[in-house]
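Q: Supplied structure: my_file_7.txt, compact mmCIF, C-alpha atoms.
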# COMPACT_ATOMS: atom_id res chain seq x y z
CA MET G 51 0.00 0.00 0.00
CA GLY G 52 1.33 3.41 -0.94
CA LYS G 53 1.45 6.51 1.20
CA ILE G 54 1.77 10.19 0.42
CA VAL G 55 4.86 11.12 2.43
CA GLY G 56 5.30 14.64 1.14
CA ALA G 57 3.19 17.21 -0.71
CA PHE G 58 4.57 20.42 -2.14
CA ALA G 59 3.57 23.17 -4.54
CA THR G 60 5.67 25.81 -6.27
CA SER G 61 5.51 28.37 -9.05
CA HIS G 62 7.55 27.57 -12.15
CA SER G 63 8.23 30.94 -13.78
CA PRO G 64 11.10 30.67 -16.28
CA GLY G 65 12.59 33.78 -14.68
CA ILE G 66 13.33 31.94 -11.43
CA THR G 67 16.24 30.20 -13.15
CA GLY G 68 16.39 31.95 -16.53
CA PHE G 69 16.64 35.61 -15.55
CA PRO G 70 17.02 35.68 -11.75
CA GLU G 71 19.03 38.92 -11.81
CA MET G 72 15.92 40.81 -12.96
CA ALA G 73 14.22 40.27 -9.61
CA ASN G 74 15.30 42.29 -6.63
CA GLU G 75 17.75 40.46 -4.44
CA GLU G 76 15.58 40.10 -1.37
CA GLN G 77 12.68 38.61 -3.31
CA ARG G 78 14.97 36.25 -5.18
CA ASN G 79 16.66 35.09 -2.00
CA ASN G 80 13.33 34.49 -0.28
CA VAL G 81 12.18 32.32 -3.16
CA TYR G 82 15.47 30.43 -3.31
CA ARG G 83 15.45 29.83 0.46
CA ALA G 84 11.91 28.47 0.20
CA PHE G 85 12.94 26.07 -2.58
CA GLU G 86 15.89 24.96 -0.44
CA ARG G 87 13.57 24.27 2.45
CA VAL G 88 11.26 22.21 0.25
CA ARG G 89 14.29 20.33 -1.11
CA ARG G 90 15.28 19.34 2.43
CA GLU G 91 11.72 18.29 3.28
CA LEU G 92 11.47 16.31 0.06
CA GLU G 93 14.73 14.48 0.76
CA ALA G 94 13.71 13.78 4.34
CA ALA G 95 10.51 12.19 3.01
CA ARG G 96 12.68 9.54 1.25
CA PRO G 97 10.25 9.04 -1.64
CA ASP G 98 10.27 5.96 -3.88
CA ALA G 99 8.52 8.04 -6.54
CA ILE G 100 7.42 11.60 -7.20
CA VAL G 101 4.08 12.27 -8.84
CA CYS G 102 4.60 15.70 -10.37
CA VAL G 103 1.58 17.65 -11.56
CA SER G 104 1.73 20.61 -13.90
CA VAL G 105 0.60 22.10 -17.18
CA GLU G 106 2.78 22.01 -20.27
CA HIS G 107 3.25 24.94 -22.64
CA PHE G 108 2.90 23.26 -26.06
CA THR G 109 6.25 21.56 -25.60
CA SER G 110 4.91 18.04 -26.04
CA PHE G 111 1.27 18.49 -26.97
CA PHE G 112 -0.52 20.54 -29.60
CA LEU G 113 -4.02 21.55 -30.60
CA ASN G 114 -4.42 18.54 -32.90
CA ASN G 115 -5.11 16.49 -29.76
CA TYR G 116 -4.84 18.35 -26.49
CA PRO G 117 -5.49 16.27 -23.36
CA ALA G 118 -7.50 17.60 -20.42
CA PHE G 119 -5.41 15.26 -18.26
CA CYS G 120 -2.45 13.08 -19.22
CA ILE G 121 -0.55 10.58 -17.08
CA GLY G 122 3.05 9.80 -18.00
CA ILE G 123 3.81 6.09 -18.11
CA ALA G 124 7.21 6.39 -19.81
CA ASP G 125 10.55 5.06 -18.60
CA SER G 126 12.18 8.46 -19.00
CA TYR G 127 11.61 12.13 -19.75
CA ILE G 128 13.93 14.77 -21.14
CA GLY G 129 13.98 18.40 -20.16
CA PRO G 130 14.62 20.99 -21.38
CA PRO G 131 14.34 19.42 -24.82
CA THR G 132 16.45 21.81 -26.94
CA PRO G 133 19.64 23.92 -26.60
CA GLU G 134 17.53 27.09 -27.05
CA PHE G 135 15.33 26.01 -24.17
CA GLU G 136 18.40 25.25 -22.04
CA ARG G 137 19.70 28.75 -22.67
CA PHE G 138 16.32 30.33 -21.95
CA LEU G 139 15.90 28.55 -18.62
CA ARG G 140 19.64 28.41 -17.90
CA VAL G 141 19.35 24.81 -16.81
CA GLU G 142 21.15 21.88 -18.36
CA SER G 143 19.09 19.27 -20.14
CA ARG G 144 18.71 16.08 -18.15
CA THR G 145 17.09 12.71 -18.57
CA PHE G 146 14.72 12.04 -15.71
CA PRO G 147 13.78 8.45 -14.89
CA GLY G 148 10.09 7.62 -15.11
CA HIS G 149 8.26 5.26 -12.76
CA ALA G 150 6.38 3.47 -15.51
CA ALA G 151 4.88 0.85 -13.20
CA LEU G 152 3.42 3.49 -10.89
CA GLY G 153 2.20 5.51 -13.88
CA ASN G 154 0.37 2.46 -15.17
CA GLU G 155 -1.16 1.73 -11.77
CA LEU G 156 -2.42 5.31 -11.45
CA LEU G 157 -3.76 5.28 -15.00
CA ARG G 158 -5.68 2.03 -14.53
CA PHE G 159 -7.05 3.20 -11.20
CA ALA G 160 -8.23 6.40 -12.89
CA TYR G 161 -10.07 4.43 -15.58
CA ARG G 162 -11.72 2.24 -12.95
CA SER G 163 -12.76 5.39 -11.07
CA GLY G 164 -14.59 7.24 -13.81
CA PHE G 165 -11.65 9.36 -15.04
CA ASP G 166 -10.28 9.03 -18.56
CA PRO G 167 -6.91 10.75 -18.78
CA SER G 168 -4.78 10.19 -21.86
CA PHE G 169 -1.39 8.61 -21.34
CA SER G 170 2.07 9.23 -22.72
CA SER G 171 4.47 6.31 -23.19
CA GLY G 172 7.28 8.45 -24.53
CA ASP G 173 8.44 11.76 -26.00
CA MET G 174 6.91 13.84 -23.22
CA ALA G 175 9.49 16.57 -22.68
CA PHE G 176 9.63 18.87 -19.68
CA ASP G 177 9.67 22.65 -20.12
CA GLU G 178 9.70 25.18 -17.29
CA ASN G 179 6.85 23.18 -15.75
CA PHE G 180 9.29 20.77 -14.12
CA CYS G 181 12.76 21.92 -15.15
CA VAL G 182 12.54 25.07 -13.04
CA PRO G 183 11.42 23.44 -9.76
CA PHE G 184 13.61 20.35 -10.26
CA HIS G 185 16.64 22.58 -10.70
CA PHE G 186 16.25 23.31 -6.99
CA LEU G 187 14.46 20.23 -5.69
CA LEU G 188 16.39 17.49 -7.53
CA PRO G 189 19.88 18.94 -7.88
CA GLY G 190 21.83 15.66 -7.84
CA ASP G 191 22.33 12.82 -10.26
CA ASP G 192 20.60 10.23 -8.09
CA LEU G 193 17.08 10.96 -9.30
CA VAL G 194 13.84 9.65 -7.84
CA PRO G 195 11.64 8.17 -10.61
CA LEU G 196 8.74 10.32 -11.69
CA VAL G 197 5.16 10.07 -12.81
CA PRO G 198 4.30 13.36 -14.51
CA ILE G 199 0.66 14.34 -14.72
CA ILE G 200 -0.30 17.12 -17.10
CA VAL G 201 -3.52 19.11 -16.86
CA ASN G 202 -4.63 21.54 -19.54
CA GLY G 203 -4.26 25.06 -18.18
CA VAL G 204 -3.17 26.68 -21.43
CA GLN G 205 -5.84 26.31 -24.11
CA PRO G 206 -9.58 26.71 -23.50
CA PRO G 207 -11.83 24.92 -23.04
CA LEU G 208 -10.15 23.89 -19.82
CA PRO G 209 -11.26 21.10 -17.51
CA THR G 210 -13.29 22.54 -14.63
CA ARG G 211 -11.46 23.30 -11.43
CA ARG G 212 -13.95 21.08 -9.62
CA ARG G 213 -12.92 18.20 -11.88
CA CYS G 214 -9.27 18.92 -11.06
CA TYR G 215 -9.99 18.77 -7.35
CA GLU G 216 -11.85 15.48 -7.77
CA PHE G 217 -8.98 14.20 -9.92
CA GLY G 218 -6.72 14.92 -6.96
CA ARG G 219 -8.98 13.02 -4.58
CA MET G 220 -8.95 10.09 -6.97
CA LEU G 221 -5.15 10.38 -7.26
CA ALA G 222 -4.76 10.01 -3.48
CA ARG G 223 -6.86 6.83 -3.49
CA ALA G 224 -4.86 5.54 -6.45
CA ILE G 225 -1.57 6.16 -4.62
CA GLU G 226 -2.87 4.46 -1.49
CA THR G 227 -4.16 1.45 -3.41
CA GLN G 228 -1.17 0.60 -5.60
CA THR G 229 1.69 -1.58 -4.40
CA VAL G 230 4.63 -0.63 -6.65
CA ALA G 231 5.82 2.51 -4.80
CA GLU G 232 5.51 2.67 -1.05
CA ARG G 233 6.51 6.24 -0.34
CA VAL G 234 5.16 8.82 -2.78
CA VAL G 235 5.67 12.58 -2.93
CA VAL G 236 3.17 14.72 -4.83
CA LEU G 237 4.47 17.99 -6.25
CA ALA G 238 2.30 20.55 -8.05
CA THR G 239 3.77 23.44 -10.05
CA GLY G 240 2.25 26.55 -11.62
CA GLY G 241 0.63 29.91 -10.83
CA LEU G 242 -0.10 32.00 -9.01
CA SER G 243 -1.56 35.06 -10.78
CA HIS G 244 0.16 35.95 -14.04
CA TRP G 245 -0.32 36.76 -17.70
CA VAL G 246 1.76 35.11 -20.42
CA GLY G 247 1.98 36.57 -23.91
CA ALA G 248 -0.76 39.07 -23.08
CA PRO G 249 -0.94 42.88 -22.89
CA GLU G 250 -1.31 42.60 -19.09
CA SER G 251 1.91 40.59 -18.70
CA GLY G 252 3.96 41.92 -15.80
CA GLN G 253 0.90 42.67 -13.70
CA ILE G 254 0.40 40.56 -10.61
CA ASP G 255 -2.88 40.30 -8.72
CA THR G 256 -1.57 40.11 -5.18
CA GLU G 257 -5.07 40.28 -3.71
CA TRP G 258 -6.16 37.24 -5.70
CA ASP G 259 -2.96 35.42 -4.73
CA ARG G 260 -3.61 36.15 -1.06
CA ARG G 261 -7.17 34.85 -1.26
CA VAL G 262 -5.86 31.63 -2.81
CA MET G 263 -3.11 31.27 -0.20
CA ASP G 264 -5.46 32.07 2.71
CA LEU G 265 -7.83 29.30 1.71
CA LEU G 266 -5.06 26.78 1.06
CA SER G 267 -3.43 27.69 4.39
CA GLN G 268 -6.67 26.86 6.15
CA GLY G 269 -7.11 23.56 4.34
CA ARG G 270 -10.01 25.07 2.41
CA GLY G 271 -8.57 24.84 -1.09
CA GLU G 272 -11.69 23.00 -2.22
CA GLU G 273 -13.57 26.31 -2.16
CA ILE G 274 -11.40 27.56 -5.05
CA ALA G 275 -12.75 24.67 -7.11
CA ASP G 276 -16.12 26.38 -7.13
CA TRP G 277 -15.03 29.94 -7.88
CA SER G 278 -16.48 31.32 -11.08
CA ASP G 279 -14.44 31.06 -14.26
CA GLU G 280 -14.39 34.87 -14.42
CA GLU G 281 -12.91 35.09 -10.93
CA VAL G 282 -9.93 33.03 -12.04
CA ALA G 283 -9.56 34.46 -15.55
CA ALA G 284 -9.33 37.93 -13.96
CA ALA G 285 -5.96 36.92 -12.45
CA GLY G 286 -4.50 36.11 -15.86
CA ASN G 287 -4.24 33.24 -18.31
CA GLY G 288 -1.40 31.90 -16.17
CA ALA G 289 -3.67 31.82 -13.12
CA GLU G 290 -5.49 28.95 -14.83
CA GLU G 291 -2.51 26.90 -13.66
CA ILE G 292 -4.17 26.96 -10.24
CA ARG G 293 -5.62 23.66 -11.48
CA THR G 294 -2.32 22.00 -10.58
CA TRP G 295 -2.56 23.27 -7.01
CA LEU G 296 -6.16 22.08 -6.85
CA ILE G 297 -5.17 18.57 -7.93
CA LEU G 298 -2.70 18.59 -5.03
CA ALA G 299 -5.30 20.11 -2.68
CA GLY G 300 -7.70 17.32 -3.65
CA ALA G 301 -5.01 14.71 -3.02
CA VAL G 302 -4.43 16.06 0.51
CA HIS G 303 -8.11 16.94 0.99
CA GLY G 304 -8.53 19.28 3.95
CA ARG G 305 -4.85 19.46 4.91
CA LYS G 306 -3.25 22.85 5.42
CA PHE G 307 -0.68 24.37 3.09
CA ARG G 308 2.24 26.19 4.69
CA PHE G 309 3.72 28.94 2.51
CA HIS G 310 7.48 29.36 2.77
CA ALA G 311 7.58 32.26 0.33
CA TYR G 312 5.26 34.52 -1.58
CA GLU G 313 6.89 37.16 -3.74
CA PRO G 314 5.13 39.11 -6.47
CA VAL G 315 7.98 39.54 -8.96
CA PRO G 316 6.94 41.60 -12.02
CA PRO G 317 10.09 40.82 -14.07
CA TRP G 318 9.31 37.12 -13.56
CA LEU G 319 5.69 37.93 -14.49
CA THR G 320 4.34 35.92 -11.55
CA GLY G 321 3.09 35.89 -8.04
CA THR G 322 5.77 33.41 -6.99
CA ALA G 323 4.81 30.98 -4.22
CA VAL G 324 6.44 27.97 -2.61
CA ALA G 325 4.56 25.78 -0.14
CA SER G 326 4.49 22.47 1.72
CA VAL G 327 1.41 20.67 2.95
CA GLU G 328 1.19 19.70 6.62
CA LEU G 329 0.45 16.00 6.37
CA MET M 61 -6.94 29.70 -37.25
CA TYR M 62 -5.62 26.15 -36.76
CA ARG M 63 -3.13 26.54 -39.59
CA LEU M 64 -1.80 29.74 -38.08
CA HIS M 65 -1.40 28.10 -34.67
CA LYS M 66 0.32 25.15 -36.27
CA PHE M 67 2.64 27.39 -38.25
CA LEU M 68 3.70 29.34 -35.16
CA TRP M 69 4.13 26.14 -33.19
CA GLU M 70 6.11 24.42 -35.91
CA LEU M 71 8.54 27.34 -36.25
CA ARG M 72 10.20 26.26 -33.03
CA ARG M 73 10.20 22.55 -33.80
CA ASN M 74 11.10 22.47 -37.47
CA PRO M 75 14.41 24.18 -38.32
CA ASP M 76 13.75 23.69 -42.03
CA LEU M 77 10.49 25.62 -41.85
CA ALA M 78 12.13 28.34 -39.77
CA GLU M 79 14.90 28.67 -42.34
CA ARG M 80 12.50 28.85 -45.28
CA PHE M 81 10.48 31.44 -43.36
CA ARG M 82 13.55 33.62 -42.86
CA ALA M 83 14.47 33.34 -46.55
CA ASP M 84 10.99 33.97 -47.96
CA PRO M 85 8.33 34.68 -45.36
CA ASP M 86 5.53 35.43 -47.86
CA GLN M 87 5.86 32.32 -49.91
CA THR M 88 6.51 30.08 -46.92
CA MET M 89 3.38 31.26 -45.13
CA ARG M 90 1.24 30.99 -48.26
CA ASP M 91 2.54 27.51 -48.96
CA TYR M 92 1.62 26.65 -45.39
CA GLY M 93 -1.97 27.72 -46.01
CA LEU M 94 -2.17 31.01 -44.13
CA ASP M 95 -4.60 33.60 -45.50
CA ASP M 96 -3.74 37.15 -46.59
CA GLU M 97 -4.64 38.73 -43.27
CA GLU M 98 -2.56 36.24 -41.33
CA VAL M 99 0.42 36.69 -43.64
CA ARG M 100 0.16 40.46 -43.33
CA ALA M 101 -0.17 40.41 -39.54
CA ILE M 102 2.84 38.11 -39.10
CA LYS M 103 4.99 40.13 -41.52
CA GLU M 104 4.11 43.36 -39.74
CA LYS M 105 4.58 41.71 -36.34
CA ASP M 106 1.07 42.85 -35.48
CA PHE M 107 0.91 40.70 -32.37
CA SER M 108 -1.74 42.91 -30.83
CA LYS M 109 -4.14 42.11 -33.64
CA LEU M 110 -3.32 38.41 -33.58
CA TYR M 111 -3.77 38.32 -29.81
CA ARG M 112 -7.13 40.06 -30.08
CA ALA M 113 -8.15 37.70 -32.86
CA GLY M 114 -7.81 34.86 -30.38
CA VAL M 115 -4.43 33.35 -31.16
CA ASN M 116 -3.27 31.41 -28.11
CA PRO M 117 -0.90 33.81 -26.30
CA TYR M 118 1.61 31.11 -25.40
CA ILE M 119 1.85 29.94 -28.99
CA LEU M 120 1.97 33.52 -30.25
CA LEU M 121 4.77 34.50 -27.87
CA PHE M 122 6.86 31.40 -28.60
CA GLY M 123 6.28 31.78 -32.34
CA ALA M 124 7.39 35.41 -32.18
CA VAL M 125 10.55 34.47 -30.30
CA HIS M 126 11.36 31.91 -32.97
CA MET M 127 10.80 34.53 -35.66
CA GLY M 128 13.64 36.39 -33.99
CA VAL M 129 11.55 38.91 -32.04
CA PRO M 130 12.97 39.64 -28.58
CA ARG M 131 10.51 39.05 -25.74
CA GLN M 132 10.58 42.70 -24.74
CA GLU M 133 9.63 43.77 -28.26
CA TYR M 134 6.89 41.15 -28.39
CA TYR M 135 5.33 42.57 -25.24
CA GLU M 136 5.60 46.16 -26.49
CA ARG M 137 3.86 45.15 -29.69
CA VAL M 138 1.14 43.06 -28.07
CA ARG M 139 0.31 46.04 -25.85
CA SER M 140 0.40 48.57 -28.64
CA GLY M 141 -3.15 48.13 -29.91
CA SER M 142 -4.90 47.54 -26.59
Once you've parsed the file, please lay out its structure as structure tokens.
A:
Amino acid sequence: MGKIVGAFATSHSPGITGFPEMANEEQRNNVYRAFERVRRELEAARPDAIVCVSVEHFTSFFLNNYPAFCIGIADSYIGPPTPEFERFLRVESRTFPGHAALGNELLRFAYRSGFDPSFSSGDMAFDENFCVPFHFLLPGDDLVPLVPIIVNGVQPPLPTRRRCYEFGRMLARAIETQTVAERVVVLATGGLSHWVGAPESGQIDTEWDRRVMDLLSQGRGEEIADWSDEEVAAAGNGAEEIRTWLILAGAVHGRKFRFHAYEPVPPWLTGTAVASVEL
Amino acid sequence: MYRLHKFLWELRRNPDLAERFRADPDQTMRDYGLDDEEVRAIKEKDFSKLYRAGVNPYILLFGAVHMGVPRQEYYERVRSGS
């Protein structure tokens, strides 16, 4: 029987690694310290596998067939996938091991539970979604095998936030039921408020971010699942990535998030947050 | 608009297409199936219009970068008509 031994959520702005000098020093250091804290907590959790939940930015998928949810069942993942992407993020490309057996178990459990995610057996590349947080959280060569889960937060129509929360609840049951990975960490990346490629880019809705963080801090993340679409869209197209946090919130249903950093960093275009869940 | 999205997306994945685009943007875009308005907007880097027309902003931004437009210039242009 598996157990969730760690649950974390972070922003994944390319600027965090790609153009850190554009942020002011204090903000940057606060964010880096928070990542370092999560790295220590993650290592102390001694996971057999990491289920990492994020969006992807048209790096692997395109509009010819865009999944609402996709579970990775591959043996390995590459990220960043190209030299240009390496230069942009200023992180070296790495091959990450996949936990194919766990991916398959989660996928089959999903199908038995009324969820129909797509799956990816190969060629799923990581962009900033995972390369930015893993730069801090998985710095060594001895890598824990991964099961990436992608949710569409980039091209409407998007899966409802309620569905994401319920996906997370299902994911927790799936992790508890399977027998191929005993100790499992769940990591969500994305958000908070931001605009990508839009006229508003550079604005940050700190009030919206604080409402999100207040609810998550109280273990009431589920309430965000039922906010109106307009309420979320008003915090930017990037705020739709809150779906990744809601999948995590569903997986740890009712548990409280503890925020180690929140820094609105306009040059990074994001309300940058780093949090652990009190399990 | 699918062809336009696919064109912008493919610019960063297909070096051959990117090279042909640099050599002869008009012909390359027409061969790809883009219409006159789309060809004009891309050539004039009218990202504001394309954004307002509903082009996915991630795909538009990445496409612009792979056309050789610096991010800062992209953002100035996407703001210019709004």
Q: Could you name the residues that touch segment 78-84 of chain M at 12 Å or less, counting all atoms listed in the file, but leaving out those on the same chain fewer than 3 positions away, as JSON, numbers by chain?
A: {"M": [67, 68, 69, 70, 71, 72, 73, 74, 75, 87, 88, 89, 90, 91, 92, 99, 102, 103, 123, 124, 125, 126, 127, 128]}
Q: Could you check how far atom CA of Ser108 of chain M sits from atom CA of Pro314 of chain G, in Å to one decimal?
A: 25.6 Å
Q: Counting only C-alpha atoms, which residues of chain G come no farther than 12 Å from chain M, as a short mmCIF file (atom, residue, chain, number, x, y, z; two decimals) with C-alpha atoms, in the coordinates of the input?
A:
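New file part-v9.cif:
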data_model
loop_
_atom_site.label_atom_id
_atom_site.label_comp_id
_atom_site.auth_asym_id
_atom_site.auth_seq_id
_atom_site.Cartn_x
_atom_site.Cartn_y
_atom_site.Cartn_z
CA GLU G 106 2.78 22.01 -20.27
CA HIS G 107 3.25 24.94 -22.64
CA PHE G 108 2.90 23.26 -26.06
CA THR G 109 6.25 21.56 -25.60
CA SER G 110 4.91 18.04 -26.04
CA PHE G 111 1.27 18.49 -26.97
CA PHE G 112 -0.52 20.54 -29.60
CA LEU G 113 -4.02 21.55 -30.60
CA ASN G 114 -4.42 18.54 -32.90
CA ASN G 115 -5.11 16.49 -29.76
CA PRO G 131 14.34 19.42 -24.82
CA THR G 132 16.45 21.81 -26.94
CA PRO G 133 19.64 23.92 -26.60
CA GLU G 134 17.53 27.09 -27.05
CA PHE G 135 15.33 26.01 -24.17
CA PHE G 138 16.32 30.33 -21.95
CA GLY G 203 -4.26 25.06 -18.18
CA VAL G 204 -3.17 26.68 -21.43
CA GLN G 205 -5.84 26.31 -24.11
CA PRO G 206 -9.58 26.71 -23.50
CA PRO G 207 -11.83 24.92 -23.04
CA TRP G 245 -0.32 36.76 -17.70
CA VAL G 246 1.76 35.11 -20.42
CA GLY G 247 1.98 36.57 -23.91
CA ALA G 248 -0.76 39.07 -23.08
CA PRO G 249 -0.94 42.88 -22.89
CA GLU G 250 -1.31 42.60 -19.09
CA SER G 251 1.91 40.59 -18.70
CA GLY G 252 3.96 41.92 -15.80
CA GLY G 286 -4.50 36.11 -15.86
CA ASN G 287 -4.24 33.24 -18.31
CA GLY G 288 -1.40 31.90 -16.17
CA PRO G 317 10.09 40.82 -14.07
CA LEU G 319 5.69 37.93 -14.49
#
Q: One decimal, Å: what's the distance from atom CA of Trp318 of chain G over to atom CA of Glu136 of chain G, could you say?
A: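 Value for the atom CA of Trp318 of chain G-atom CA of Glu136 of chain G distance: 17.2 Å.
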Q: Just to confirm, what's the straight-line distance from atom CA of Phe309 of chain G to atom CA of Ala59 of chain G in Å (one decimal)?
A: 9.1 Å
Q: Could you name the residues that touch segment 322-324 of chain G at 7 Å or less, counting all atoms listed in the file, but leaving out those on the same chain fewer than 3 positions away, as a JSON list (two decimals) with C-alpha atoms, in the coordinates of the input?
A:
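Dumped to out_5.json:
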[["chain", "number", "residue", "atom", "x", "y", "z"],
["G", 59, "ALA", "CA", 3.57, 23.17, -4.54],
["G", 60, "THR", "CA", 5.67, 25.81, -6.27],
["G", 61, "SER", "CA", 5.51, 28.37, -9.05],
["G", 84, "ALA", "CA", 11.91, 28.47, 0.20],
["G", 85, "PHE", "CA", 12.94, 26.07, -2.58],
["G", 242, "LEU", "CA", -0.10, 32.00, -9.01],
["G", 309, "PHE", "CA", 3.72, 28.94, 2.51],
["G", 310, "HIS", "CA", 7.48, 29.36, 2.77],
["G", 311, "ALA", "CA", 7.58, 32.26, 0.33],
["G", 312, "TYR", "CA", 5.26, 34.52, -1.58],
["G", 313, "GLU", "CA", 6.89, 37.16, -3.74],
["G", 314, "PRO", "CA", 5.13, 39.11, -6.47],
["G", 315, "VAL", "CA", 7.98, 39.54, -8.96]]
Q: Using all atoms listed in the file, which protein or nucleic acid residues come within 12 Å of Gly164 of chain G? Drop anything in the same chain fewer than 4 positions from it, and give the result as a list in words.
A: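 Listing them by chain and then by number gives Leu157, Arg158, Phe159, Ala160, Arg213, Glu216, Phe217, Met220 and Leu221 of chain G.
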Q: Applying 7 Å and all atoms listed in the file, which residues near Asp259 of chain G remain after dropping the ones on its own chain fewer than 4 positions away? List them as a ChimeraX atom specification.
A: /G:242-243,255,263,321
Q: Given the point (15.7, 21.1, -15.4) in the coordinates of this file, which residues lie within 10 Å, counting only C-alpha atoms, and how would they look as a PyMOL selection string?
A: chain G and resi 67+128-131+136+139-146+176-189
Q: Store the residues of this selection in a file with C-alpha atoms, as a PDB file, in the frame of the given file.
A:
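Output file again.pdb is given in full below:
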ATOM      1  CA  THR G  67      16.240  30.200 -13.150  1.00  0.00           C
ATOM      2  CA  ILE G 128      13.930  14.770 -21.140  1.00  0.00           C
ATOM      3  CA  GLY G 129      13.980  18.400 -20.160  1.00  0.00           C
ATOM      4  CA  PRO G 130      14.620  20.990 -21.380  1.00  0.00           C
ATOM      5  CA  PRO G 131      14.340  19.420 -24.820  1.00  0.00           C
ATOM      6  CA  GLU G 136      18.400  25.250 -22.040  1.00  0.00           C
ATOM      7  CA  LEU G 139      15.900  28.550 -18.620  1.00  0.00           C
ATOM      8  CA  ARG G 140      19.640  28.410 -17.900  1.00  0.00           C
ATOM      9  CA  VAL G 141      19.350  24.810 -16.810  1.00  0.00           C
ATOM     10  CA  GLU G 142      21.150  21.880 -18.360  1.00  0.00           C
ATOM     11  CA  SER G 143      19.090  19.270 -20.140  1.00  0.00           C
ATOM     12  CA  ARG G 144      18.710  16.080 -18.150  1.00  0.00           C
ATOM     13  CA  THR G 145      17.090  12.710 -18.570  1.00  0.00           C
ATOM     14  CA  PHE G 146      14.720  12.040 -15.710  1.00  0.00           C
ATOM     15  CA  PHE G 176       9.630  18.870 -19.680  1.00  0.00           C
ATOM     16  CA  ASP G 177       9.670  22.650 -20.120  1.00  0.00           C
ATOM     17  CA  GLU G 178       9.700  25.180 -17.290  1.00  0.00           C
ATOM     18  CA  ASN G 179       6.850  23.180 -15.750  1.00  0.00           C
ATOM     19  CA  PHE G 180       9.290  20.770 -14.120  1.00  0.00           C
ATOM     20  CA  CYS G 181      12.760  21.920 -15.150  1.00  0.00           C
ATOM     21  CA  VAL G 182      12.540  25.070 -13.040  1.00  0.00           C
ATOM     22  CA  PRO G 183      11.420  23.440  -9.760  1.00  0.00           C
ATOM     23  CA  PHE G 184      13.610  20.350 -10.260  1.00  0.00           C
ATOM     24  CA  HIS G 185      16.640  22.580 -10.700  1.00  0.00           C
ATOM     25  CA  PHE G 186      16.250  23.310  -6.990  1.00  0.00           C
ATOM     26  CA  LEU G 187      14.460  20.230  -5.690  1.00  0.00           C
ATOM     27  CA  LEU G 188      16.390  17.490  -7.530  1.00  0.00           C
ATOM     28  CA  PRO G 189      19.880  18.940  -7.880  1.00  0.00           C
TER      29      PRO G 189
END
Q: Hey, could you pull the box centre and edge lengths for segment 211-219 of chain G, axis-aligned, 4 Å padding per side, all listed atoms, to one decimal in Å, as lines of an AutoDock Vina configuration file?
A:
center_x = -10.3
center_y = 18.2
center_z = -8.2
size_x = 15.2
size_y = 18.3
size_z = 15.3
Q: Within 6 Å of Ala57 of chain G, counting all atoms listed in the file, which residues show up once you throw out same-chain ones fewer than 6 positions away? Write them as a CSV table (one decimal) with C-alpha atoms, in the frame of the given file, please.
A:
chain,number,residue,atom,x,y,z
G,235,VAL,CA,5.7,12.6,-2.9
G,236,VAL,CA,3.2,14.7,-4.8
G,237,LEU,CA,4.5,18.0,-6.2
G,326,SER,CA,4.5,22.5,1.7
G,327,VAL,CA,1.4,20.7,3.0
